[in-house]
$ cat model.txt   # compact mmCIF, C-alpha atoms and all ligand atoms
# COMPACT_ATOMS: atom_id res chain seq x y z
CA MET A 461 124.32 81.90 164.54
CA LEU A 462 120.73 82.83 165.15
CA ILE A 463 121.19 86.58 165.10
CA PRO A 464 122.70 86.98 161.60
CA PHE A 465 120.01 84.70 160.23
CA LEU A 466 117.25 86.80 161.79
CA LEU A 467 118.85 89.99 160.52
CA PHE A 468 118.94 88.51 157.07
CA LEU A 469 115.24 87.68 157.22
CA LEU A 470 114.39 91.15 158.45
CA PHE A 471 116.47 93.09 155.95
CA PHE A 472 116.25 91.05 152.81
CA PRO A 473 112.90 92.45 151.60
CA ALA A 474 114.13 96.02 152.06
CA PHE A 475 117.35 95.40 150.10
CA ALA A 476 115.52 93.56 147.37
CA GLN A 477 113.59 96.67 146.48
CA GLU A 478 116.75 98.73 145.88
CA PRO A 479 117.39 99.62 142.24
CA ILE A 480 119.76 97.04 140.80
CA PRO A 481 122.61 96.91 140.19
CA ASP A 482 123.69 99.59 142.64
CA TYR A 483 127.46 99.70 142.13
CA ASP A 484 127.98 102.10 145.04
CA ASN A 485 126.14 99.75 147.30
CA PRO A 486 126.56 96.35 145.69
CA TYR A 487 123.88 94.00 146.84
CA ALA A 488 124.95 90.38 146.66
CA PRO A 489 125.18 88.80 150.10
CA ILE A 490 127.34 85.69 150.15
CA ILE A 491 126.12 83.07 152.58
CA PHE A 492 128.01 79.99 153.80
CA ASP A 493 125.98 77.31 155.56
CA LYS A 494 128.37 77.27 158.55
CA ASP A 495 130.71 79.72 160.30
CA THR A 496 133.35 77.05 160.86
CA TYR A 497 134.09 73.96 158.79
CA THR A 498 136.12 70.88 159.46
CA TRP A 499 138.88 69.81 157.09
CA THR A 500 136.72 67.46 155.01
CA ASP A 501 133.41 69.30 155.14
CA LYS A 502 131.05 70.18 152.35
CA VAL A 503 130.65 73.95 152.02
CA ARG A 504 127.26 75.08 150.71
CA ILE A 505 127.31 78.52 149.16
CA THR A 506 124.43 80.87 148.39
CA ILE A 507 124.76 84.26 146.72
CA ILE A 508 121.70 86.43 146.45
CA ALA A 509 122.35 88.52 143.36
CA PRO A 510 119.12 89.75 141.76
CA SER A 511 121.10 91.92 139.30
CA TRP A 512 122.58 88.73 137.81
CA ASN A 513 119.12 87.35 136.97
CA GLU A 514 119.49 88.51 133.38
CA ASN A 515 117.03 86.03 131.90
CA THR A 516 113.91 85.89 134.05
CA ASN A 517 112.70 82.87 132.05
CA GLY A 518 115.91 80.87 132.29
CA ILE A 519 118.52 79.64 134.74
CA ASP A 520 121.44 82.08 134.90
CA THR A 521 124.94 81.38 136.14
CA ILE A 522 127.44 83.57 137.93
CA GLY A 523 131.16 83.27 138.55
CA ASN A 524 132.32 82.29 135.08
CA HIS A 525 131.79 85.54 133.17
CA GLU A 526 135.06 87.14 132.04
CA GLY A 527 136.05 89.84 134.52
CA ARG A 528 133.32 88.73 136.93
CA PHE A 529 134.89 85.56 138.26
CA ILE A 530 134.17 83.79 141.49
CA LYS A 531 137.30 82.50 143.18
CA ILE A 532 137.32 80.06 146.07
CA SER A 533 140.58 79.79 147.96
CA THR A 534 142.28 78.48 151.06
CA GLY A 535 145.71 79.42 152.40
CA GLU A 536 147.55 77.45 149.75
CA ARG A 537 145.05 76.51 147.00
CA SER A 538 142.38 78.12 144.92
CA ILE A 539 139.87 77.45 142.16
CA GLU A 540 138.89 80.13 139.68
CA PRO A 541 136.48 80.56 138.01
CA TYR A 542 133.85 78.73 140.02
CA THR A 543 130.27 78.74 138.75
CA LEU A 544 127.10 78.99 140.78
CA THR A 545 123.69 78.41 139.20
CA GLU A 546 120.35 80.04 139.79
CA THR A 547 117.93 78.01 141.93
CA GLU A 548 114.92 78.86 139.70
CA PRO A 549 114.53 80.80 136.42
CA ASP A 550 113.46 84.00 138.20
CA SER A 551 114.92 83.65 141.73
CA GLY A 552 118.12 85.70 141.47
CA ILE A 553 119.52 83.27 144.06
CA PHE A 554 122.63 81.33 143.07
CA ARG A 555 123.89 78.19 144.71
CA GLY A 556 126.82 75.83 144.63
CA GLU A 557 128.90 73.64 146.86
CA ILE A 558 132.52 72.66 147.25
CA THR A 559 134.00 69.76 149.18
CA LEU A 560 137.07 70.28 151.33
CA THR A 561 139.60 67.48 150.96
CA GLY A 562 141.91 68.13 153.91
CA PHE A 563 145.58 67.11 153.86
CA LEU A 564 147.45 63.82 154.24
CA HIS A 565 146.90 62.47 157.75
CA ASP A 566 146.47 59.11 159.50
CA VAL A 567 143.38 59.31 161.70
CA ASN A 568 143.39 55.80 163.17
CA GLY A 569 146.99 54.97 163.94
CA ASP A 570 147.50 52.29 161.27
CA SER A 571 150.23 54.38 159.58
CA LYS A 572 148.11 54.71 156.43
CA LYS A 573 146.79 58.10 155.40
CA ASP A 574 143.01 58.27 155.42
CA THR A 575 142.46 61.33 153.27
CA ASN A 576 142.74 62.02 149.56
CA PRO A 577 143.61 65.71 149.26
CA ARG A 578 143.08 67.20 145.79
CA THR A 579 141.98 70.47 144.23
CA SER A 580 139.81 70.52 141.12
CA GLY A 581 136.42 71.44 139.67
CA SER A 582 134.65 74.42 138.17
CA GLY A 583 131.25 74.38 139.89
CA PRO A 584 128.53 74.41 140.78
CA SER A 585 129.03 71.22 142.85
CA ASP A 586 132.12 69.35 141.61
CA GLY A 587 134.68 71.45 143.49
CA LEU A 588 137.38 69.81 145.60
CA LEU A 589 139.73 71.96 147.64
CA GLU A 590 142.71 71.08 149.85
CA VAL A 591 142.92 72.74 153.26
CA THR A 592 145.31 72.72 156.21
CA ARG A 593 144.20 72.30 159.82
CA ASP A 594 143.87 75.96 160.84
CA ASP A 595 142.87 77.37 157.51
CA LYS A 596 140.29 79.73 156.10
CA ILE A 597 138.08 79.36 153.05
CA THR A 598 137.40 82.59 151.18
CA LEU A 599 135.03 83.22 148.31
CA SER A 600 135.57 86.37 146.28
CA PHE A 601 133.15 87.57 143.62
CA GLU A 602 133.96 90.33 141.13
CA PHE A 603 130.50 91.83 141.29
CA ALA A 604 131.30 94.85 139.13
CA ASP A 605 134.34 96.77 137.93
CA GLY A 606 136.46 97.44 140.99
CA VAL A 607 133.87 95.85 143.29
CA VAL A 608 134.98 92.54 144.78
CA LEU A 609 132.73 91.01 147.40
CA THR A 610 134.28 88.45 149.75
CA LYS A 611 133.21 86.07 152.46
CA SER A 612 135.35 83.82 154.64
CA ALA A 613 134.84 80.99 157.08
CA GLN A 614 137.25 79.32 159.48
CA ILE A 615 138.47 75.77 159.13
CA SER A 616 139.55 73.86 162.22
CA TRP A 617 139.56 70.48 163.90
CA ASN A 618 137.33 69.70 166.86
CA GLU A 619 137.84 67.84 170.11
CA GLY A 620 135.63 64.73 170.01
CA LYS A 621 133.02 63.75 172.56
CA ILE A 622 131.90 60.28 173.59
CA GLU A 623 128.82 59.09 175.49
CA PHE A 624 126.82 55.98 176.30
CA ASP A 625 123.08 56.05 175.63
CA SER A 626 122.43 55.17 179.29
CA ASP A 627 124.24 55.58 182.62
CA HIS A 628 123.47 51.93 183.41
CA TYR A 629 122.73 48.70 181.57
CA PHE A 630 121.40 45.26 182.46
CA ILE A 631 122.98 42.03 181.33
CA ASP A 632 120.45 41.61 178.49
CA SER A 633 120.70 45.26 177.35
CA THR A 634 122.07 46.38 174.02
CA ALA A 635 124.35 49.33 174.75
CA THR A 636 125.03 52.10 172.24
CA VAL A 637 128.16 54.19 172.43
CA ARG A 638 128.22 57.47 170.50
CA VAL A 639 131.19 59.52 169.29
CA ILE A 640 130.68 63.08 168.10
CA ASP A 641 133.61 64.30 166.04
CA GLN A 642 132.92 66.28 162.87
CA ASP A 643 136.53 65.69 161.79
CA MET A 644 135.79 62.01 161.22
CA ASN A 645 133.18 62.80 158.57
CA LEU A 646 136.04 62.14 156.17
CA ASN A 647 133.77 61.83 153.15
CA PRO A 648 130.54 63.86 153.11
CA GLU A 649 129.14 61.65 150.32
CA ILE A 650 129.15 58.42 152.34
CA VAL A 651 128.66 57.08 155.84
CA ASP A 652 132.07 56.93 157.56
CA THR A 653 133.08 54.60 160.40
CA LEU A 654 135.44 54.65 163.35
CA VAL A 655 136.43 52.28 166.16
CA VAL A 656 135.62 52.67 169.86
CA GLU A 657 137.41 50.55 172.48
CA VAL A 658 134.96 49.21 175.05
CA SER A 659 135.99 47.34 178.20
CA SER A 660 134.65 46.31 181.61
CA ASP A 661 136.24 46.01 185.06
CA SER A 662 136.21 42.24 184.49
CA ASP A 663 137.72 42.42 180.99
CA SER A 664 140.13 45.31 180.66
CA ALA A 665 141.21 44.19 177.17
CA GLY A 666 137.59 44.45 176.03
CA ILE A 667 136.36 44.70 172.46
CA LYS A 668 136.56 47.05 169.51
CA VAL A 669 133.14 48.39 168.58
CA ASN A 670 132.56 49.61 165.04
CA ALA A 671 130.75 52.93 165.17
CA ILE A 672 128.96 54.04 162.02
CA GLU A 673 128.10 57.60 161.03
CA THR A 674 124.38 58.25 161.52
CA SER A 675 124.11 59.97 158.11
CA ASP A 676 126.46 60.89 155.26
CA THR A 677 127.52 64.13 156.93
CA SER A 678 126.50 63.99 160.62
CA GLY A 679 129.94 63.48 162.18
CA ILE A 680 128.06 61.41 164.82
CA PHE A 681 129.07 57.75 165.05
CA GLU A 682 127.15 55.03 166.87
CA GLY A 683 128.09 51.46 167.69
CA ALA A 684 126.10 48.84 169.58
CA PHE A 685 127.29 45.91 171.68
CA SER A 686 125.87 43.38 174.12
CA PHE A 687 127.01 41.89 177.45
CA SER A 688 127.64 38.40 178.71
CA SER A 689 128.56 37.25 182.23
CA ASN A 690 129.32 33.65 181.27
CA GLN A 691 130.93 33.88 177.83
CA GLU A 692 134.21 35.61 177.12
CA SER A 693 134.31 38.77 175.01
CA SER A 694 133.97 38.23 171.28
CA GLY A 695 132.95 40.41 168.32
CA GLN A 696 130.49 43.00 169.58
CA ARG A 697 129.86 41.16 172.89
CA LEU A 698 131.62 42.24 176.08
CA PHE A 699 132.31 40.05 179.09
CA ALA A 700 131.14 41.88 182.22
CA VAL A 701 129.55 41.05 185.56
CA THR A 702 126.98 42.93 187.56
CA GLY A 703 128.55 45.87 189.34
CA ASP A 704 131.23 46.40 186.68
CA SER A 705 131.91 49.82 185.30
CA ILE A 706 131.81 49.85 181.49
CA HIS A 707 134.44 52.01 179.81
CA ALA A 708 134.50 53.45 176.29
CA LYS A 709 137.50 55.13 174.67
CA TYR A 710 137.87 56.98 171.38
CA LYS A 711 141.33 58.15 170.39
CA ASP A 712 140.94 61.58 168.79
CA THR A 713 143.80 62.19 166.34
CA THR A 714 142.24 65.38 164.96
CA LEU A 715 142.61 67.96 167.72
CA PRO A 716 142.28 71.73 167.52
CA LEU A 717 144.82 74.25 168.79
CA PRO A 718 146.64 74.34 171.17
CA TYR A 719 147.24 70.67 170.34
CA SER A 720 149.67 69.87 167.57
CA ILE A 721 148.60 68.02 164.42
CA GLN A 722 150.37 64.87 165.67
CA ASP A 723 148.84 64.95 169.18
CA THR A 724 146.24 62.39 170.19
CA LEU A 725 143.81 62.43 173.08
CA ASP A 726 141.83 59.59 174.66
CA ILE A 727 138.20 60.66 174.95
CA THR A 728 136.43 58.44 177.48
CA SER A 729 133.07 57.75 179.03
CA GLU A 730 131.70 55.34 181.64
CA SER A 731 128.51 53.48 182.32
CA LYS A 732 127.63 50.62 184.67
CA LEU A 733 126.29 47.09 184.42
CA GLU A 734 123.54 46.61 186.98
CA SER A 735 121.43 43.66 188.00
CA SER A 736 117.97 43.61 186.41
CA ILE A 737 116.58 42.12 189.66
CA PRO A 738 115.23 44.88 191.94
CA LEU A 739 117.69 45.77 194.67
CA LEU A 740 115.77 44.30 197.63
CA GLU A 741 115.09 41.04 195.77
CA ARG A 742 118.68 40.19 194.87
CA ALA A 743 119.17 38.14 198.04
CA ASP A 744 117.02 36.49 200.74
CA LEU A 745 117.80 36.72 204.43
CA SER A 746 116.45 33.98 206.70
CA ASP A 747 115.56 34.61 210.34
CA VAL A 748 118.52 34.08 212.60
CA TYR A 749 118.39 31.54 215.40
CA LEU A 750 120.59 30.94 218.44
CA ALA A 751 122.62 27.80 218.76
CA ASP A 752 125.06 26.21 221.16
CA ARG A 753 128.67 25.56 220.30
CA SER A 754 127.72 22.37 218.45
CA GLY A 755 125.21 24.24 216.32
CA ASN A 756 122.09 22.87 218.03
CA PRO A 757 119.31 25.43 218.39
CA VAL A 758 118.74 26.64 221.95
CA GLN A 759 115.56 28.14 223.44
CA GLU A 760 116.81 29.61 226.70
CA ILE A 761 119.45 32.28 226.51
CA ARG A 762 121.35 33.03 229.69
CA ALA A 763 123.53 35.99 230.45
CA GLU A 764 127.27 35.43 230.49
CA SER A 765 126.99 32.29 228.37
CA SER A 766 128.32 31.98 224.87
CA PHE A 767 126.03 31.34 221.88
CA GLN A 768 126.17 31.32 218.15
CA ILE A 769 123.88 33.57 216.16
CA VAL A 770 123.19 31.67 212.94
CA GLY A 771 121.76 33.28 209.82
CA THR A 772 121.38 32.37 206.18
CA VAL A 773 121.72 34.45 203.04
CA HIS A 774 120.76 33.28 199.56
CA ASN A 775 121.77 34.83 196.23
CA ASN A 776 118.66 35.01 194.01
CA GLN A 777 120.73 35.86 190.93
CA ASN A 778 122.45 33.53 188.49
CA PHE A 779 125.72 35.43 188.71
CA GLU A 780 128.23 36.40 191.39
CA GLN A 781 127.17 39.03 193.89
CA PRO A 782 129.62 40.80 196.21
CA PHE A 783 128.02 41.18 199.65
CA VAL A 784 128.53 42.14 203.26
CA TYR A 785 126.41 40.44 205.93
CA ILE A 786 126.01 42.47 209.11
CA ILE A 787 124.76 41.47 212.55
CA GLN A 788 124.02 44.22 215.04
CA ILE A 789 122.91 43.55 218.64
CA LYS A 790 121.15 46.24 220.65
CA ASN A 791 120.09 46.22 224.31
CA GLN A 792 116.68 47.36 225.55
CA GLU A 793 117.89 50.97 225.65
CA ASP A 794 118.51 50.61 221.92
CA ILE A 795 122.25 50.95 222.42
CA THR A 796 124.38 48.93 220.06
CA MET A 797 126.30 46.36 222.06
CA GLU A 798 127.96 44.51 219.21
CA ILE A 799 128.33 44.82 215.51
CA SER A 800 130.09 42.38 213.23
CA TRP A 801 130.15 41.56 209.56
CA ILE A 802 131.58 39.26 207.02
CA GLN A 803 132.09 40.18 203.41
CA GLY A 804 132.80 38.23 200.28
CA GLU A 805 131.12 37.05 197.14
CA LEU A 806 128.04 34.87 196.76
CA SER A 807 128.29 32.65 193.71
CA ALA A 808 125.27 32.20 191.42
CA ASN A 809 122.24 31.10 193.49
CA GLN A 810 124.45 30.21 196.46
CA THR A 811 122.99 29.75 199.96
CA LEU A 812 125.46 30.64 202.67
CA GLN A 813 125.18 30.06 206.40
CA VAL A 814 126.74 32.74 208.55
CA SER A 815 127.38 32.54 212.28
CA GLN A 816 128.68 34.89 214.89
CA SER A 817 129.40 34.17 218.55
CA TRP A 818 127.70 36.26 221.23
CA MET A 819 127.92 36.39 225.01
CA PRO A 820 125.21 38.65 226.49
CA ASP A 821 126.62 40.30 229.60
CA SER A 822 123.31 40.89 231.39
CA THR A 823 119.67 39.92 231.30
CA GLY A 824 117.04 41.81 229.34
CA GLU A 825 115.42 42.06 225.91
CA TYR A 826 117.95 42.23 223.09
CA LYS A 827 117.39 42.93 219.46
CA VAL A 828 119.39 41.10 216.81
CA GLU A 829 119.33 42.99 213.50
CA THR A 830 120.67 41.49 210.28
CA TYR A 831 121.48 43.31 207.05
CA VAL A 832 122.86 42.27 203.69
CA TRP A 833 124.37 44.99 201.55
CA ASN A 834 126.35 44.97 198.33
CA SER A 835 129.34 46.59 200.08
CA LEU A 836 130.25 48.67 203.12
CA LYS A 837 131.04 51.50 200.74
CA ASP A 838 127.80 51.62 198.70
CA THR A 839 125.50 50.14 201.41
CA LEU A 840 122.84 49.11 198.87
CA PRO A 841 120.51 46.61 200.59
CA LEU A 842 120.15 43.32 198.67
CA ALA A 843 117.24 42.15 200.90
CA PRO A 844 114.99 43.75 203.54
CA ASN A 845 116.61 44.01 206.99
CA LEU A 846 115.45 41.58 209.69
CA VAL A 847 115.01 42.18 213.42
CA MET A 848 114.57 39.45 216.03
CA THR A 849 113.90 40.00 219.74
CA VAL A 850 115.87 37.75 222.09
CA PRO A 851 115.00 37.58 225.81
CA VAL A 852 118.07 36.89 227.95
CA GLN A 853 117.54 35.44 231.41
CA CA A 901 117.17 83.74 135.57
CA CA A 902 144.91 55.32 158.79
CA CA A 903 130.54 60.96 155.89
CA CA A 904 138.66 65.54 166.37
$ encode --input "model.txt" --output "structure tokens"
Amino acid sequence: MLIPFLLFLLFFPAFAQEPIPDYDNPYAPIIFDKDTYTWTDKVRITIIAPSWNENTNGIDTIGNHEGRFIKISTGERSIEPYTLTETEPDSGIFRGEITLTGFLHDVNGDSKKDTNPRTSGSGPSDGLLEVTRDDKITLSFEFADGVVLTKSAQISWNEGKIEFDSDHYFIDSTATVRVIDQDMNLNPEIVDTLVVEVSSDSDSAGIKVNAIETSDTSGIFEGAFSFSSNQESSGQRLFAVTGDSIHAKYKDTTLPLPYSIQDTLDITSESKLESSIPLLERADLSDVYLADRSGNPVQEIRAESSFQIVGTVHNNQNFEQPFVYIIQIKNQEDITMEISWIQGELSANQTLQVSQSWMPDSTGEYKVETYVWNSLKDTLPLAPNLVMTVPVQ
């Protein structure tokens, strides 16, 4: 894209000084604003034709002079003549635009066609032109007798993209999901809309988020929604709990080759709902103590007797937190003698007492280490680890 534009900048002054009109070397570059258009795009056309600036004090037109027509065509339709007008009285630059109107097609699965294909207009900006999916738009300009200049551009559909504006959200975040699909700019004069399905691990049915085009012609659609962990999904609010993956899905019904016109493809993206409380502050671990079988604290620990190691974990968050509580016992050589864990879910602000039986098999200094993680798989600590030294006699 960049290279032809640079070439044009470099060579234009040289060409402009040629004697005009030079019928052997007709100078009237035709410029489209894009190389490839989608089925409902607006095509902006520029023709630099200094020899057609007949009245240097007035706005000239090209394309509608008998024998010097401009014709704009696709595979099956065409408009002729089509007029372009000079940008300024003495510019020699002629502009116009034409809007592609696609073909009958249902883009959102409601069995109703969403396009209004029609061919009409005479320029410089009222043109409407039907196209098929894998079409070509061609402009031809009868510059002089026997000299027809042409320019073409491809027309095709595009595979959509979807993304969240962040790879993680907190419960009070507003999330934005963005779909990029030029094909859904169905009308380049207005802001179009489409629907994105958003769900969480805790609510697989989820919600439908309305995504709105960011400008009349951007083909970029954004929709915002919020989260709740204690109210069910409704409108643009999604039920989700901390740790959930958040899923977004856009069904693209406008796919390029090798897909067929009737094919659809689910375009998806994922984000995550995280706790806004810093990782190590999500839970509190209390020091463990040793107790007898009845749960009474004991001071003297003897080898080959059975004790309970009692610890406490507290959820500092006002929502459920999956956890695994781990007790590891090491001897004075730092060798792990025992390791045990329980896992489950702490409810909002719950305090849970955890106990584990232990029978030291010999005397010495033991270390009792306690950990609380979110899971054995992710091993994210929810509180700082604790270590207690236990002398065994
Ligand atoms: Ca003029
Ligand atoms: Ca429809
Ligand atoms: Ca639009
Ligand atoms: Ca598409």
$ atom_distance --input "model.txt" --atom1 "CA of Asp493 in chain A" --atom2 "CA of Asn513 in chain A"
22.2 Å
$ closest_residue --input "model.txt" --among "A:Ser626, A:Asn645, A:Ser633, A:Ser538" --to "Glu590 in chain A" --atoms "all atoms listed in the file"
A:Ser538
$ closest_residue --input "model.txt" --among "A:Ser800, A:Thr545, A:Thr839, A:Thr728" --to "Ile508 in chain A" --atoms "all atoms listed in the file"
A:Thr545
$ residues_near_ligand --input "model.txt" --ligand "ligand CA 904 (chain A)" --cutoff "7 Å" --atoms "all atoms listed in the file" --output "PyMOL selection string"
chain A and resi 617-620+641-644+712-715
$ residues_near_ligand --input "model.txt" --ligand "ligand CA 903 (chain A)" --cutoff "12 Å" --atoms "only C-alpha atoms and all ligand atoms" --output "VMD selection string"
chain A and resid 498 500 to 502 559 641 to 654 672 to 681
$ atom_distance --input "model.txt" --atom1 "CA of Leu733 in chain A" --atom2 "CA of Ser689 in chain A"
10.3 Å
$ residues_around --input "model.txt" --residues "Asn756 in chain A" --least-positions-apart "6" --cutoff "12 Å" --atoms "all atoms listed in the file" --output "MDAnalysis selection string"
chainID A and resid 749:750 767:770
$ closest_residue --input "model.txt" --among "A:Gly581, A:Gly569, A:Gly703, A:Gly695" --to "ligand CA 902 (chain A)" --atoms "all atoms listed in the file"
A:Gly569
$ atom_distance --input "model.txt" --atom1 "CA of Pro549 in chain A" --atom2 "CA of Asp605 in chain A"
25.5 Å
$ closest_residue --input "model.txt" --among "A:Ser688, A:Ser571, A:Ser511, A:Thr772" --to "ligand CA 901 (chain A)" --atoms "all atoms listed in the file"
A:Ser511
$ residues_near_ligand --input "model.txt" --ligand "ligand CA 902 (chain A)" --cutoff "8 Å" --atoms "all atoms listed in the file" --output "list in words"
His565, Asp566, Val567, Asn568, Gly569, Asp570, Ser571, Lys572, Lys573 and Asp574 of chain A
$ residues_around --input "model.txt" --residues "Arg537 in chain A" --least-positions-apart "6" --cutoff "9 Å" --atoms "only C-alpha atoms" --output "list in words"
Thr579, Leu589, Glu590 and Val591 of chain A
$ residues_near_ligand --input "model.txt" --ligand "ligand CA 901 (chain A)" --cutoff "8 Å" --atoms "all atoms listed in the file" --output "VMD selection string"
chain A and resid 512 to 520 546 548 to 552
$ write_last_selection --input "model.txt" --atoms "C-alpha atoms" --output "PDB file, in the coordinates of the input"
ATOM      1  CA  TRP A 512     122.580  88.730 137.810  1.00  0.00           C
ATOM      2  CA  ASN A 513     119.120  87.350 136.970  1.00  0.00           C
ATOM      3  CA  GLU A 514     119.490  88.510 133.380  1.00  0.00           C
ATOM      4  CA  ASN A 515     117.030  86.030 131.900  1.00  0.00           C
ATOM      5  CA  THR A 516     113.910  85.890 134.050  1.00  0.00           C
ATOM      6  CA  ASN A 517     112.700  82.870 132.050  1.00  0.00           C
ATOM      7  CA  GLY A 518     115.910  80.870 132.290  1.00  0.00           C
ATOM      8  CA  ILE A 519     118.520  79.640 134.740  1.00  0.00           C
ATOM      9  CA  ASP A 520     121.440  82.080 134.900  1.00  0.00           C
ATOM     10  CA  GLU A 546     120.350  80.040 139.790  1.00  0.00           C
ATOM     11  CA  GLU A 548     114.920  78.860 139.700  1.00  0.00           C
ATOM     12  CA  PRO A 549     114.530  80.800 136.420  1.00  0.00           C
ATOM     13  CA  ASP A 550     113.460  84.000 138.200  1.00  0.00           C
ATOM     14  CA  SER A 551     114.920  83.650 141.730  1.00  0.00           C
ATOM     15  CA  GLY A 552     118.120  85.700 141.470  1.00  0.00           C
TER      16      GLY A 552
END
$ closest_residue --input "model.txt" --among "A:Glu805, A:Asp821, A:Asp661, A:Asp625" --to "Trp833 in chain A" --atoms "all atoms listed in the file"
A:Glu805
